[in-house]
Amino acid sequence: MTGLVAEVALMSTTLAFDKLYTYAVPPELHEKAKEGCRAIVPFGRANTKKQCMIFHLKQGELSGLKRIVGLTDEEPVLNGEMLGLCEFMRNSVFCTYYDAVSAMLPTGLGLKLVNYYSANSEFSAVSLLSGFEKEVYDYLLKKGETAEETIKKAFGVEAELLERLLEKEAVIKSSEAKQKVGDATQKWVRLCDDFSETEKLTSRQKEIVDLLYDVGSASVKEICYFTGVTASVIQTLVKKGVLIAFEKQVFRTPYKTGTEKREKIELTEEQTKAYEGLLQKYKSDKGEVSLLYGVTGSGKTQVFLKLVDEVVASGRGVMVMVPEISLTVQMISLFTARYGNKVAVFHSAMSMGQRLDEWKRIKEGKALIAIGTRSAVFAPFKDLGLIIIDEEQEHTYKSEKTPRFHTRDLARYRAHYHKGLLCLASATPSVESYTAAKNGRYSIFTLKNRYGNAVLPTVETVDMRKEILSGNSGVLSNTLYEAINETLDNKKQAIILLNRRGHNTYISCPSCGYVATCPNCSVSLTYHSANERLMCHYCGYSEKVDRKCPQCENGHMKYMGLGTQKAEEELKALFPDAKILRLDADSTSSRESYSTYLTAFANGEYDILLGTQMVAKGLDFPNVTLVGVLGADRAMFSEDFRSFERSFSLLTQVVGRAGRGDSSGRAIVQTVTPESNLIELAKNQDYDSFYNEEILTRKLMVYPPYCDICVVNSYSFSKENAEKVINNVFSNIKALIGKKYSAVKIIILGPTAASIPKVNNKYRFRIIIKCKNNAEFRDMLREALDVKQPTDSAVSVDINPETVI
């Protein structure tokens, strides 16, 4: 017998079992079931209820098929384009179908299955139940259908007892899909009004109480940071009546919009040529990719805006992506002033509710422009005309967790689907993109001059070896100190880059050589002066600073290395009258921090902006005339093959923050290798010479763009298991390329331990494969990954990761 069947992708499946499963669609759901809707289906011998996404509906054989239990969406949440993109991601980046689905849907639209139990009124063997089982049965008989979590809390039982009652048919189980709704509140706590200091508290609980005596109230997140406790310790104090928990409202609107005000854009001759070329590519209706390559401050944004005017006027959607949340602030301000409520915003610092609301506005056609970080690539436009990826070389466009996609690849797919234009923009394009432009796969438009009266800043290097020999062991060289003084005297602003957060990078004992390390990871702990704790930047572990060495009990631990917190202290001591703003991951933990701080700096409320790489790119402050770079060498000496490219880009970008207004700019780079050719090229903003040198090295060593890089990782709490799994994958690869896939040519490095062998108590091993990422290679690797894994082990695949160390 034939009828309507659905091919569905199941949630929470592994790569080995990931495929489209076929289910019968019951007659009552024929009209409601649509491709792109989520459903509930029975799976396995136990017919466990699982969520799924309907990918295809067709006529097929019904015999032997299980039936869909129900639908969770009245209308499709993904259209045909996005379902196709899911299949593209599954095939190209080694994720499951539902991994791709989950990445596309806003968190607030996600579903969770809630189990409910009710007493079976026809159950007659009540006398055979144990005392505890009968208590639960009577409770359900009286209360009616009750959520599993409610029963567990009421009786302190685990799910096993409920499963036993289910096997005896004493209870009936049902499941319901609930939508996760992002609340617009944040959890805060304060001391209870009648709190008595005689209350017995542990040392960790007392730390929290002491903190709240000083500040009055604080968010749970802030307390965890400053004391190092977990949220459970705070919850215990709430239960004891020491603290009162309350919700503090967080507005769901992520920005303010005003009346549209479109001032006429005046372009230079050079900009006009670039704009007209891009417009021609947009109108070609072929799904083009173009590279807009212009020096820092060349006015690429003005070209964008004029192009966006054209696309929005035709009623088509526009996507503008930036690499950092901090860069969305100025971009949102610029676009909302010009396009009003036609703008929607997407980034991870927004609440679940905000993201859901913005997603719906795009889907319903109420917003035509999406601005955000890489998650904006999934904005549900029905007709997408233009995609702009600003600072396209940045590593943040590559996802570091499953699905491990690169935004550029998905944007290229979407531009091709809609026959629109993908515009990649940068002063320092990625080597891969620039090669594609030189080879003719992308069109290229160049801006060689700064916009208006602005000129490139003068750049000088300071040899820090000579500074140390002259007796200056401080953070600032004499040259940079004098330059900051002069800048402040002229009522101008300065940006200081130090790409390392914290106070000191590590502490050690000068007597025995002990270094404070994380117990969960193979890394040293970083000292943070803000909370006076040692912290791990990988797993979040923290501990109090021990003034004595735990090995030899020497009382003079040495603080080594330099972070933004220490630099901030020295700047405040050297310039007591200056207002200094530190911008890093520690100072911007709240959602509004970026916007608040950058707006304040733009308004002249601060004199010096000190920060990590988030201050180096894309920001436009006309009053900034000085840029200082501290520790310019560190990134250059990484083991990763992209280290020179990243260092050149960072130096070029941060130098370009100076002199963007009418006043001339100056940049000072502090280094211990002033003779470095890379620093010299960055000083001169000479990307072409850098590229010509770098591409020769890539070709000689066989690195992208002359190959693809595939990294296979194994993880386990057991070092032996992690190593065994990666060795089994390696053996499978050797066997497969020796016979079935002999046409696949690869270079294998490893297996070996990862550069950081243990993170969060999981041991890590890896294989690095230089390959051509085509269908045949992926088929081979999928077969090779089919290995028996211990329950605590896992394997992941990362195609063209941003870091290979």
# chains A, B, ... in the order shown; residues from 1 in each chain; ligands from 1

$ residues_around --residues "A:Glu122" --least-positions-apart "4" --cutoff "10 Å" --atoms "only C-alpha atoms" --output "list in words"
Glu169, Ala170 and Val171 of chain A

$ select_by_dssp --residues "stretch 369-426 of chain A" --states "strand (DSSP E or B)" --output "PDB file with C-alpha atoms, in the first residue's frame"
ATOM      1  CA  ILE A 369      18.757  44.375   6.469  1.00  0.00           C
ATOM      2  CA  ALA A 370      20.437  41.905   8.850  1.00  0.00           C
ATOM      3  CA  ILE A 371      23.570  43.025  10.694  1.00  0.00           C
ATOM      4  CA  GLY A 372      25.569  40.718  12.906  1.00  0.00           C
ATOM      5  CA  LEU A 384      18.447  37.919  -0.638  1.00  0.00           C
ATOM      6  CA  GLY A 385      20.205  40.357  -2.961  1.00  0.00           C
ATOM      7  CA  LEU A 386      23.466  41.330  -1.255  1.00  0.00           C
ATOM      8  CA  ILE A 387      25.795  39.792   1.346  1.00  0.00           C
ATOM      9  CA  ILE A 388      28.676  41.865   2.734  1.00  0.00           C
ATOM     10  CA  ILE A 389      31.384  40.223   4.857  1.00  0.00           C
ATOM     11  CA  ASP A 390      33.485  43.003   6.364  1.00  0.00           C
ATOM     12  CA  LYS A 398      34.941  30.116  11.317  1.00  0.00           C
ATOM     13  CA  HIS A 406      33.078  28.946   7.589  1.00  0.00           C
ATOM     14  CA  LEU A 421      26.205  39.323  -4.852  1.00  0.00           C
ATOM     15  CA  LEU A 422      28.639  38.286  -2.122  1.00  0.00           C
ATOM     16  CA  CYS A 423      31.048  41.138  -1.395  1.00  0.00           C
ATOM     17  CA  LEU A 424      34.134  40.303   0.673  1.00  0.00           C
ATOM     18  CA  ALA A 425      35.858  43.396   2.068  1.00  0.00           C
ATOM     19  CA  SER A 426      39.193  43.935   3.761  1.00  0.00           C
TER      20      SER A 426
END

$ residues_around --residues "A:Thr268" --least-positions-apart "3" --cutoff "8 Å" --atoms "only C-alpha atoms" --output "count of residues only"
3

$ residues_around --residues "A:Leu85" --least-positions-apart "5" --cutoff "10 Å" --atoms "only C-alpha atoms" --output "PyMOL selection string"
chain A and resi 79-80+90-91+97+100-101+104+378+410+413-414+417

$ write_last_selection --atoms "N, CA, C and O atoms" --output "mmCIF file, in the first residue's frame"
data_model
loop_
_atom_site.group_PDB
_atom_site.id
_atom_site.type_symbol
_atom_site.label_atom_id
_atom_site.label_comp_id
_atom_site.auth_asym_id
_atom_site.auth_seq_id
_atom_site.Cartn_x
_atom_site.Cartn_y
_atom_site.Cartn_z
ATOM 1 N N ASN A 79 12.721 27.005 4.975
ATOM 2 C CA ASN A 79 12.213 26.862 3.605
ATOM 3 C C ASN A 79 13.125 25.941 2.802
ATOM 4 O O ASN A 79 14.105 25.389 3.309
ATOM 5 N N GLY A 80 12.818 25.790 1.521
ATOM 6 C CA GLY A 80 13.573 24.868 0.671
ATOM 7 C C GLY A 80 15.047 25.216 0.589
ATOM 8 O O GLY A 80 15.912 24.328 0.572
ATOM 9 N N ARG A 90 25.937 19.322 5.982
ATOM 10 C CA ARG A 90 26.138 17.940 6.427
ATOM 11 C C ARG A 90 27.189 17.242 5.567
ATOM 12 O O ARG A 90 28.036 16.507 6.063
ATOM 13 N N ASN A 91 27.157 17.518 4.280
ATOM 14 C CA ASN A 91 28.080 16.858 3.363
ATOM 15 C C ASN A 91 29.476 17.470 3.374
ATOM 16 O O ASN A 91 30.454 16.794 3.064
ATOM 17 N N TYR A 97 22.584 16.200 10.140
ATOM 18 C CA TYR A 97 21.521 17.050 9.592
ATOM 19 C C TYR A 97 20.991 18.003 10.661
ATOM 20 O O TYR A 97 20.812 19.191 10.429
ATOM 21 N N ALA A 100 22.997 21.037 11.758
ATOM 22 C CA ALA A 100 22.801 22.168 10.847
ATOM 23 C C ALA A 100 21.471 22.863 11.117
ATOM 24 O O ALA A 100 21.395 24.096 11.139
ATOM 25 N N VAL A 101 20.418 22.077 11.359
ATOM 26 C CA VAL A 101 19.103 22.653 11.671
ATOM 27 C C VAL A 101 19.190 23.524 12.918
ATOM 28 O O VAL A 101 18.698 24.657 12.952
ATOM 29 N N MET A 104 20.731 26.932 12.497
ATOM 30 C CA MET A 104 19.942 27.892 11.728
ATOM 31 C C MET A 104 18.819 28.533 12.534
ATOM 32 O O MET A 104 18.457 29.684 12.294
ATOM 33 N N PHE A 378 22.472 32.945 8.679
ATOM 34 C CA PHE A 378 21.255 32.121 8.619
ATOM 35 C C PHE A 378 19.971 32.958 8.629
ATOM 36 O O PHE A 378 18.882 32.398 8.749
ATOM 37 N N LEU A 410 29.147 29.416 3.444
ATOM 38 C CA LEU A 410 27.680 29.422 3.467
ATOM 39 C C LEU A 410 27.128 30.656 2.765
ATOM 40 O O LEU A 410 26.087 30.595 2.096
ATOM 41 N N TYR A 413 27.135 30.004 -0.884
ATOM 42 C CA TYR A 413 26.001 29.135 -1.245
ATOM 43 C C TYR A 413 24.724 29.957 -1.382
ATOM 44 O O TYR A 413 23.982 29.817 -2.361
ATOM 45 N N ARG A 414 24.469 30.841 -0.401
ATOM 46 C CA ARG A 414 23.233 31.609 -0.402
ATOM 47 C C ARG A 414 23.206 32.641 -1.541
ATOM 48 O O ARG A 414 22.164 32.876 -2.148
ATOM 49 N N TYR A 417 22.357 30.762 -4.639
ATOM 50 C CA TYR A 417 20.951 30.351 -4.651
ATOM 51 C C TYR A 417 20.035 31.504 -5.065
ATOM 52 O O TYR A 417 19.105 31.325 -5.852
#

$ atom_distance --atom1 "atom CA of A:Thr479" --atom2 "atom CA of A:Glu460"
9.6 Å
